[in-house]
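Written below as structure tokens is the structure these notes are about.
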Amino acid sequence: MQRLTIEHIIAKIQQEEIFNAVAEDYSFTLNIKSYSHYICAAVHDGHQFRKELWDNCLHSEYDRWYEEDPCTKYFVENQPIVLAGRDSRFEYDLNRDPDNAIYEDAWGKKLWREALSPEEKNKSLNKHNAFYQVVNALIKKLEEIHQRVIVYDMHSYNRKRWEREVPVINLGTSNIDNERFSAFAKAWRDDLKQIKLPYDIKTTSAINDTFQGNGYFLKYITQHFKNTLVLATEFSKIYCDELNGVIFPEVTEAIKMQLKPILEQHATYFYKNAK
């Protein structure tokens, strides 16, 4: 893996180079094995948190981990293009617009002892901006090559927070072009049911059940690129004990290995049939 400036990453994309990079400030990674017509992204996978913010943060490391999406990069790391955040959403949230990317409170609890300074905020927002510069360059290049592109926007959510039965996998589609793309969302929902999990866990999937797909990452791409479909795909945290932070590797491995052919099959279906 190379450590590269944003400018260097974008130059490599424009030249269609194969590379595996971490941003110079270590805020995100981008691995391109081939310039395929589909991307996998895990914007909330990151857990790192700037040391200068530690003493000012009222949330514990576990509090932060609980609301992040651990393992979402791992699920798709064997795909041709993988873009993943490394910083915690508690520093800045890549799935929120710049004006709302830095939390004042988080899930009903005040986040900072003292308000962040403009300098502290700008340091984080510069990373947010750099990430989206790369997103823009990458989608632009892929649309140039393939005309139509699909992005699998991987997330997770805390199932034990809900007081009802929730799907193992939820797709949020309220902000996609449903007139053109709803059939591909429904096919993706149905394809995901094929995943077989350990301990006879039944894989259920639904559309707009727990979340509706209101994230900025999806909205940004949808607004700037009319021929790219983003499918916000949320796994409930069946792969860990969300209350004590233990990851179940046999479940994460099952998801990763079975997701690969299912995702490739769906991406091919999209490419051949999208208008």
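Chain identifiers are assigned as A, B, and so on, following the order in which chains appear in the structure tokens; residues are numbered from 1 within each chain, and ligands are numbered from 1 in order of appearance.
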
For the contact check between range 108-183 of chain A and range 21-34 of chain A, emit one row per residue of range 108-183 of chain A within 12 Å, containing the shortest atom pair and the distance in Å rounded to one decimal, counting only C-alpha atoms, chain then rising number order, as a tab-separated table.
residue	atom	partner	partner_atom	distance
A:Lys123	CA	A:Asp25	CA	10.7
A:Ser124	CA	A:Ser27	CA	9.5
A:Leu125	CA	A:Ser27	CA	11.4
A:Asn126	CA	A:Ser27	CA	10.5
A:Lys127	CA	A:Ser27	CA	6.8
A:His128	CA	A:Ser27	CA	8.8
A:Asn129	CA	A:Ser27	CA	11.2
A:Ala130	CA	A:Ala23	CA	9.2
A:Phe131	CA	A:Phe28	CA	7.4
A:Tyr132	CA	A:Phe28	CA	10.9
A:Val134	CA	A:Leu30	CA	9.2
A:Val135	CA	A:Leu30	CA	10.0
A:Leu138	CA	A:Leu30	CA	10.1
A:Leu142	CA	A:Ser34	CA	10.6
A:Ile145	CA	A:Ser34	CA	11.8

Please produce a file of those selected residues containing N, CA, C and O atoms, as a compact mmCIF listing (two decimals), in the first residue's frame.
# COMPACT_ATOMS: atom_id res chain seq x y z
N LYS A 123 -9.76 21.25 10.31
CA LYS A 123 -8.85 20.13 10.09
C LYS A 123 -9.64 18.88 9.68
O LYS A 123 -9.24 18.13 8.77
N SER A 124 -10.77 18.68 10.32
CA SER A 124 -11.61 17.53 9.98
C SER A 124 -12.35 17.75 8.67
O SER A 124 -12.45 16.83 7.83
N LEU A 125 -12.87 18.94 8.46
CA LEU A 125 -13.64 19.20 7.24
C LEU A 125 -12.76 19.16 6.00
O LEU A 125 -13.24 18.82 4.91
N ASN A 126 -11.49 19.48 6.15
CA ASN A 126 -10.58 19.35 5.01
C ASN A 126 -10.44 17.89 4.58
O ASN A 126 -10.32 17.59 3.39
N LYS A 127 -10.48 16.99 5.55
CA LYS A 127 -10.41 15.56 5.22
C LYS A 127 -11.71 15.10 4.54
O LYS A 127 -11.68 14.31 3.60
N HIS A 128 -12.82 15.60 5.03
CA HIS A 128 -14.12 15.31 4.43
C HIS A 128 -14.12 15.78 2.97
O HIS A 128 -14.50 15.03 2.05
N ASN A 129 -13.65 16.98 2.73
CA ASN A 129 -13.61 17.54 1.39
C ASN A 129 -12.69 16.74 0.47
O ASN A 129 -13.03 16.46 -0.69
N ALA A 130 -11.54 16.34 0.98
CA ALA A 130 -10.59 15.58 0.18
C ALA A 130 -11.18 14.24 -0.25
O ALA A 130 -11.00 13.79 -1.39
N PHE A 131 -11.89 13.60 0.67
CA PHE A 131 -12.53 12.32 0.35
C PHE A 131 -13.48 12.48 -0.83
O PHE A 131 -13.47 11.67 -1.77
N TYR A 132 -14.29 13.53 -0.80
CA TYR A 132 -15.26 13.71 -1.87
C TYR A 132 -14.63 14.18 -3.18
O TYR A 132 -15.19 13.92 -4.26
N VAL A 134 -11.96 12.79 -4.26
CA VAL A 134 -11.58 11.48 -4.81
C VAL A 134 -12.81 10.73 -5.31
O VAL A 134 -12.79 10.12 -6.38
N VAL A 135 -13.90 10.77 -4.54
CA VAL A 135 -15.15 10.14 -4.99
C VAL A 135 -15.56 10.70 -6.34
O VAL A 135 -15.90 9.96 -7.28
N LEU A 138 -13.26 9.48 -9.13
CA LEU A 138 -13.40 8.05 -9.39
C LEU A 138 -14.68 7.75 -10.17
O LEU A 138 -14.64 7.02 -11.18
N LEU A 142 -15.06 6.25 -14.02
CA LEU A 142 -15.77 5.00 -14.29
C LEU A 142 -16.95 5.21 -15.24
O LEU A 142 -17.21 4.36 -16.10
N ILE A 145 -15.59 5.40 -18.69
CA ILE A 145 -15.21 4.09 -19.24
C ILE A 145 -16.45 3.24 -19.55
O ILE A 145 -16.55 2.64 -20.63

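Checking A:Asp153, A:Glu165, A:Glu91, A:Asp97 one by one against Tyr220 in chain A, counting only C-alpha atoms, you find the shortest gap at A:Asp97.
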
Taking only C-alpha atoms into account, which of A:Asp45, A:Glu120, A:Glu114, A:Asp191 comes nearest Thr72 in chain A? A:Asp45

Between CA of Ala267 in chain A and CA of Asp177 in chain A lies a distance of 17.0 Å

Exercise: range 179-186 of chain A partners within 12 Å, only C-alpha atoms, chain neighbours under 5 positions left out, as number ranges by chain: A: 148-152, 170-174, 191-193, 205-208, 213, 222, 226-233, 263, 265-275
